[in-house]
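Step one of this worksheet: look at the structure below.
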Amino acid sequence: MALPTTPVPHALPGSGATLLASDNRHEMTKPSPVLSLRGMTKRFGSVLAADHIDLELARGEVLALLGENGAGKTTLMNMLFGQYTADAGSVHVWHEDGAEIILPPGQPQAAIEAKIGMVHQHFTLAENLSVIDNILLGTERLLHLNRNRRAARAKLEALMIHSGLEAPLDRKVRELSVGERQRVEILKALYRDVRILVLDEPTAVLTPQEADTLFASVRSMVENGLSVIFISHKLREVLAFSDRIAVLRHGKKTGEMVTADADTHSIIRMMIGEEHDMPERTPGTPRDSVLKLDGVSIHPTRETRGLSDVTLDLKGGEIVGIAGVSGNGQSALARVLSGLLAPNAGGIEIGGERLAALTPRAALSHGIGRIPEDRHHDGIISALSVSENLVIERLGDADVQRAGFLRRASMAKNAEALSAAYDVRGPGIHARSALLSGGNIQKLILARVLETHPNVILANQPTRGLDFRAAAEVSRRLIAARDAGAGVILISEDLDEVLSLADRVLVMHAGELTETESRDRASIGQLMAGHAA
Amino acid sequence: MIEIVPREQPSRRLTTGVPLLAAIGSLLLAAIPLAFAGAPIFEAYGQMFTGVFGSLFSFTEMLTRATPLIFTGLAAAVAFRAKLWNIGGEGQLYLGAMAAVWVGTGMIDGPPILLVPVVLLAGAIAGGLGMLGPALLKTRFGADEVVTSLLLNFIILIFVQMMLEGPLKDPMSLGWPQSEPIVDEAVLPQLIAKMRLHAGFLLAIGTAIIAHVIMAMTVWGLRIRAVGENAAAARHAGMPVKRIFLAVAFASGALAGIAGVSEVAGLKGYLTSDLSPGFGYTGIVVAMLAGLSPLGVVAAALFIASVFVGTDSMSRAMGVSSFLADLTVSMSLICVLLGGFFARFRIRRVRTEDAA
Amino acid sequence: MMDILQIFLSDSFWAASLRIATPLIFGVLGALLCERSGVLNLGIEGIFVVGAMMGWLVAYLTGSLWLGVIAAALSGGLFGLFHAILTVPLGLSQHVSGLGITMFATALMSFAYRTIFPQVATPPRIEPFRALDIPVLSDLPFLGPVLFQQTALTWLALLMVGLVWYLMDRTALGVAIKAVGDNPDAVNAQGLSVMRLRIGAVVAGSALMALGGAFLTMSAFDAFFFGMVNGRGWICIALVIFASWQPRKALLGALLFGMFDALQVRLQTMAGAIVPGQVFLMVPYVLSIIALIIAARKADYPRALLKPWFKGQR
C-alpha cells in the first residue's frame, strides 16, 4: 500500500472543542512552541505502528502521552530520537532564539544536538562503568586522550544541587539502587543541557514517595523553562502532574485535552475507545489452607534481593495480593514457589507435606500452577509450536506420549480445545509461538496452567504489558479459578491491580512481607517505602 | 542508508533453498582461487565432476569419504540443537578409534556378530566420555565448552601419538607409529567387491534416520529442542535441563566416536595419528549446511565428500593445491551463514535525504 | 629438586618464558579488545595463520621485516573486518562465524602458500628479527639477557600492553568500548554508533592477533609451516577469561603461561627418559583448561558478549 506523503489531520468527535480549550490556555501563558511532530508514520511489516501522528509541545509545558501498550508511544519517541527512521513525517524543533530546524530522520546525534533528552523505561546505563563515565559517555571526543574532568565534575555538582537529584559520581552503576539509577538517567540528559525531556514510565520502579520527589524536581526544572513529554499509563499521576494530555490508540492520535478539563473516564474512553469494565471485585470465600510458608529466608545475591523470614498462610478460595516496588524480594519469593530457588532457611508446607525446597517438578506435582513474571524468558519456548508449548509442563502424561513417541494427534486436539476455550489467537496451533502477540502468549500460559486445575496459582505480574481487554480477561480467569477453590498469590507492582483483585493485601519491602488490613493507598505506600504504618 | 528488517515469518522458500544456494555459491567462488592458481577453470570443474561421478570406483570413494562426515555432522547437529557447542569432534573421533583398536585387536575373541557391535560400542562410549568431560566442566564450573572441547582435540591427538609409540604400537610395524590391525572378526565388511566402501556407510545412513526420528517424533527430541531454544523456560517447565544437556553431550561425542570406529574398522584397518584429515571440524560445516537436520546431514556430507574427492582428483591432474577443497568447504560455511541471514531478514533502503 | 631450582635461577629460562609469551600477549590483547566490545572472535586461530603467512611472505618478497609486520596487521585486520561484518551489522552467530573465519583463513593461507611455492624441497626462509642488542643494558647480569636480548616484536608486544591499558582505562574511546560490550543501548542513547565501535574494536583486535602470528614466522622461526599456530589462538581465548579482560592481567597470564611452557621444555630434557615426551607437549593445553576452570566461576563476562544488537528493532 502506498503511503500518502502529506499528513492527514485526524478530526475526532469533540476534538475541536478540546483543541480550542488548549489554544485558550496557550494564549494565557504566551507559549512558544519548542517541538512539533508532524505526520509521523512508521510501519513494521504489516503493522502500522504510527499513523500520521501530530504532536505539539510548548515551552515550559508538561505533556502527558497516554496509550495502551502497542498504541505507538514508544515508536513515536523512537522516531523523535532517530532510533527508528520514520517512513513519513518530520520533526521540527525551535531554538531559544526562535529559529526553526528540522531534524534529519534516523540520526540520534541530531536529536541530541537539538537538546532533546530521554529517560528510557529500561535504563540505558552501562553497569560496568562509573556514574560519571555513563554521564560523560558520548560527550567527550573519543580520541581525546587526557580526560580533563574537573570542568565536567563542577558542572555536575552544580546540576545536582540545582535539580535536587543526587548520585554518587564515582560508584559503578551496578552497585546502585533503581532509584539512584533513575536519577543518573535524568542527570545524563540534564548534563547535555536538554530543553526537551522525555520521561518514559518514570515511576514504574519507584515507591509513591520517590515518585513524588521526582515530580517535584521535574516541576522545578519546568519552571525554569524545561519542556517535558511524560509517558505513563498511571492515570492518577497524569492528572496530577501534566498540563496537557495526548492520547494514542492503534498508532493514531485519538484525542488531546487540557488536563484541567480531563477526568479518568474521559481519558479511558479515548484510550480504549469504549467504556472499560474492570471485573468488579467479589469477595472470596476462604477455605482450608493450601500452602504455608514458614520463616522462609533467602540470602541476597548481587542480582537479586533476598527474603527474610517470610511467613504466609494461603487458603483455598482467596486471592492474596502482594504489593511492593519491584526488586524488594518478589522475584525471590516467586522463584521459591516456582521451584527455581531453594530457601536457605524455613520450610514450605503444601498438601499436608512439609518440604525444605521445591523443584519445578515438585511444584507441578503438588499442584502449583505458575504464571511467570517474564513470559518470554520463562513462560514459553518461542521456537516451539503452540501445541508443544501447551504440554511442556506435562510431557510424561499418557495423552502426550506413548513409549516416548509424541502423540501429535492428541496434542493437536488438546491445543485446538484450549485455544478455543482461552481465545488464543494466532496463525494456528502448529505455528511457532514466537508469532503470537504478548496477550495471546499470556493466554497460552494461562490455559496451560489452569487446565490442570492447580490448588495454588502463582501469578507474578500477570497483566504487565497487556492491553485493557487482555488484562481484564486474565483477571477474570484468576477470579474464576479462586471461586473454584484455588488459592491465588498475585504479585504485582501495580497497586491498583492488587487493590482491585486481592482479598488480602500484603506488602513486600526489603525482603520482608507484612500483612495490612488497610486498603488506603497512602498507608500502603508508607509500607512500600519501608515505613511502619 | 539501509536498514535491516526482520521478516515476520522466515521465508520458507529461502530457508529450504539456502543450503543448496550456499553449496552452489561456494563451488562458483572456488573459480577465483582456481584462476589465481592459473588453472583452466572449466576444465578444472570438469575434472572435479568426473573425479566423483566418472566411475563406480570414484563414486564409491565419495560415499566412503562421506561416511565419517555423516557421523561427525550428526554429532555437531545434535549438540548444536541443544546449544551445546561441541567443537571437539576431531578429538572424540580419535578416542573412538583408539577404543576400537584397544578392544578390536585381540583383547576379546568372538564371531563378527558379537565383535562388531562391541567395537562400535567401545568407540561410542569413548567418544561420549570425551564430550561428557567438557560438558561437566561447563555445568560444574561454567567453563566454556567451546574452548575446552577445542583444546581437548590437541590433547587427545598428542595422546594418540603417545599411545602409538607406546602400548598400542604394532611391534611388526618396523618402527612406524601405528597400531596393530583390527582382527578380521571386528572389521566392517565391504559392500561392493573391489571397492573400499564398507558397511559403515549403511550404519551412518541408519544412524541419521534414527536421529531424525528421535529429534522429530519423540519426547526426548522435544526436550533437546526446548533446552536449546530456551533453557530457562525448559527448567521452569520442570525439565531436567542439566541431565538433558549432559545426555546430549554424551550422544554427540558417541556419534563422533563411531566415526573413528568406522574409519579404523571399515577403511584403514589400523590406527595412525593421521587417521582424520579434520573430519571433526568438517562435521561442523556439514551440520550447518544441513540446517542441523539429521537427514540434511546426509545430503550435506555427500556434497562435501564430493568436493574433497573431486578436488583431489582435479588437483592430481592439474597440479592445483588440494587445499582448494578446504577452501571451498570453508566458503560453503560462510555462504550458508549469510544465506540464513537473508532468509530471516530483509534489507531495505530507507530515505536519507535531509527533509529540509 | 636442585635442578628445578637451577632452572628458575637461569636467565635463559626467563628469556624463553618471555619469548614464548610474546605471541600470546598479542593474541590475548586482541581477544580482549574484541570481547570487551561484545564480540567473541573465534577467528583468532585463523587470523594467527594469516599473520604468520602474510608477514613472512611480504618480508620474503620485499626483504623488509617491518613491511611484513605491517602487512600482517593489515591482513589480520581485514579478516577481522570480515568477521565484524558478519557478526555486527548482520548479527550472525559469533561462534559459527568465528569458526568459519578460522577455517577460511587457514585454508586460504595454505592454498596461497602451496600455489606460490608449488614444490620446494626445503621451505624458503627469511632473515628473522634479531635480538635487540642494546649496549650496556644487554650486559647487565640476569636482566640483560632476559629483557634486552629479545627481538623488536617482543618489545612491541610489551608496548601494546601499555597502549591497550591506556586506551581502555584512560580514554573516552576505551570507556565507550567497555560500555558497548555491557549495554549497547547505553551507547546508542548517547549518540555513539554501536556498529562503528564494535567493528573498530574487532578490526583492531584482529590486527593484534595477526601480529602474534607474525612473531611465529618472523621471530621465533624463519619460515612458514602448515599447522605452526597449533592451537595458540584457542589458548588465548581461554587466557582472556583468566585475565578477566584486563590488559595488565593479560600480560600476567601470558607470562605465567610462557613460564610453564618454558619449564616443561626444560623438565622434558631432564625427565625425558622416564616420561614420554608427549606428556610435556600436552602441558600448554592442559594448563589452558585449568586456567579456564579456575577463572570461569567468577568470570565477569561482558554482559553483551555474543548478543547481536540491531538498531531500532522491536
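In the C-alpha cells, each chain is lettered A, B, ... as it comes, each chain's residues begin at 1, and ligands are numbered from 1 in order of appearance.
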Next item on the list: Specify as a VMD selection string all residues of chain B found within 9 Å of chain C, counting only C-alpha atoms.
Entry: chain B and resid 3 to 6 33 36 to 37 85 137 to 138 140 to 144 146 to 148 150 to 152 154 to 156 158 to 159 161 to 162 166 281 284 to 285 288 319 to 331 333 to 334 337 to 338 340 to 341
Margin query: as an MDAnalysis selection string, could you give me every residue of chain C near chain A (at most 8 Å apart, counting only C-alpha atoms)?
Written below: chainID C and resid 167 170:173 175:176 178:180 182:183 185:192 311:312
Note to self: Near chain A, meaning an atom within 6 Å, which residues of chain B appear when counting only C-alpha atoms? Write them as a ChimeraX atom specification.
What the structure shows: /B:217-219,230,232-233,236-238,354
Next item on the list: Per DSSP on the backbone, filter segment 159-284 of chain B down to the residues in helix (DSSP H, G or I) and report them as number ranges by chain.
Entry: B: 159-165, 184-186, 200-217, 219-229, 231-236, 241-268, 279-284
Notebook entry, point to check: For Leu239 of chain C, which of C:Val265, C:Met168, C:Leu287, C:Val39 is the closest residue, counting only C-alpha atoms?
Noted result: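 Ranking C:Val265, C:Met168, C:Leu287, C:Val39 by distance to Leu239 of chain C, first place goes to C:Leu287.
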Next item on the list: Name all residues at most 9 Å from Ala470 of chain A (count only C-alpha atoms; drop same-chain ones fewer than 5 positions away) and give them as a ChimeraX atom specification.
Entry: /A:439-440,442-443,463,475
File of the preceding selection, C-alpha atoms, as a PDB file, in the first residue's frame:
ATOM      1  CA  GLY A 439      -1.560 -11.021  25.184  1.00  0.00           C
ATOM      2  CA  ASN A 440      -2.023 -14.302  23.345  1.00  0.00           C
ATOM      3  CA  GLN A 442      -0.205 -14.880  28.269  1.00  0.00           C
ATOM      4  CA  LYS A 443      -3.473 -16.618  27.401  1.00  0.00           C
ATOM      5  CA  THR A 463      -1.104  -8.382  33.321  1.00  0.00           C
ATOM      6  CA  SER A 475      -8.147 -11.019  35.969  1.00  0.00           C
TER       7      SER A 475
END
Check: Contacts of Val34 of chain A at 7 Å or less, counting only C-alpha atoms, minus same-chain residues fewer than 5 places along, as a list of chain:residue names?
Finding: A:Leu57, A:Ala58, A:Arg59, A:Val93, A:Trp94
Check: Could you name the residues that touch Leu163 of chain C at 12 Å or less, counting only C-alpha atoms, but leaving out those on the same chain fewer than 4 positions away, as a list in words?
Finding: Leu145 of chain A; Phe26, Leu29, Leu33, Leu156, Ala157, Leu158, Leu159, Leu167, Met168, Asp169, Arg170, Thr171, Gly174, Leu208, Pro247 and Arg248 of chain C
Next item on the list: Might you pull out every residue within 12 Å of Lys249 of chain C, with only C-alpha atoms counted and same-chain residues fewer than 4 positions away left off, and present them as a ChimeraX atom specification?
Entry: /C:25,28-29,32,161-162,164-165,239-245,253-257
Next item on the list: Tell me, as a list in words, which residues lie within 9 Å of Arg521 of chain A, counting only C-alpha atoms; anything in the same chain fewer than 2 positions away does not count.
Entry: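 The residues that qualify are Leu495, Asp496, Leu499, Ser518, Arg519, Ser523, Ile524, Gly525 and Gln526 of chain A.
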Check: So what do you get for atom CA of Gly55 of chain C versus atom CA of Leu147 of chain C, distance-wise?
Finding: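 We find that atom CA of Gly55 of chain C and atom CA of Leu147 of chain C lie 24.1 Å from each other.
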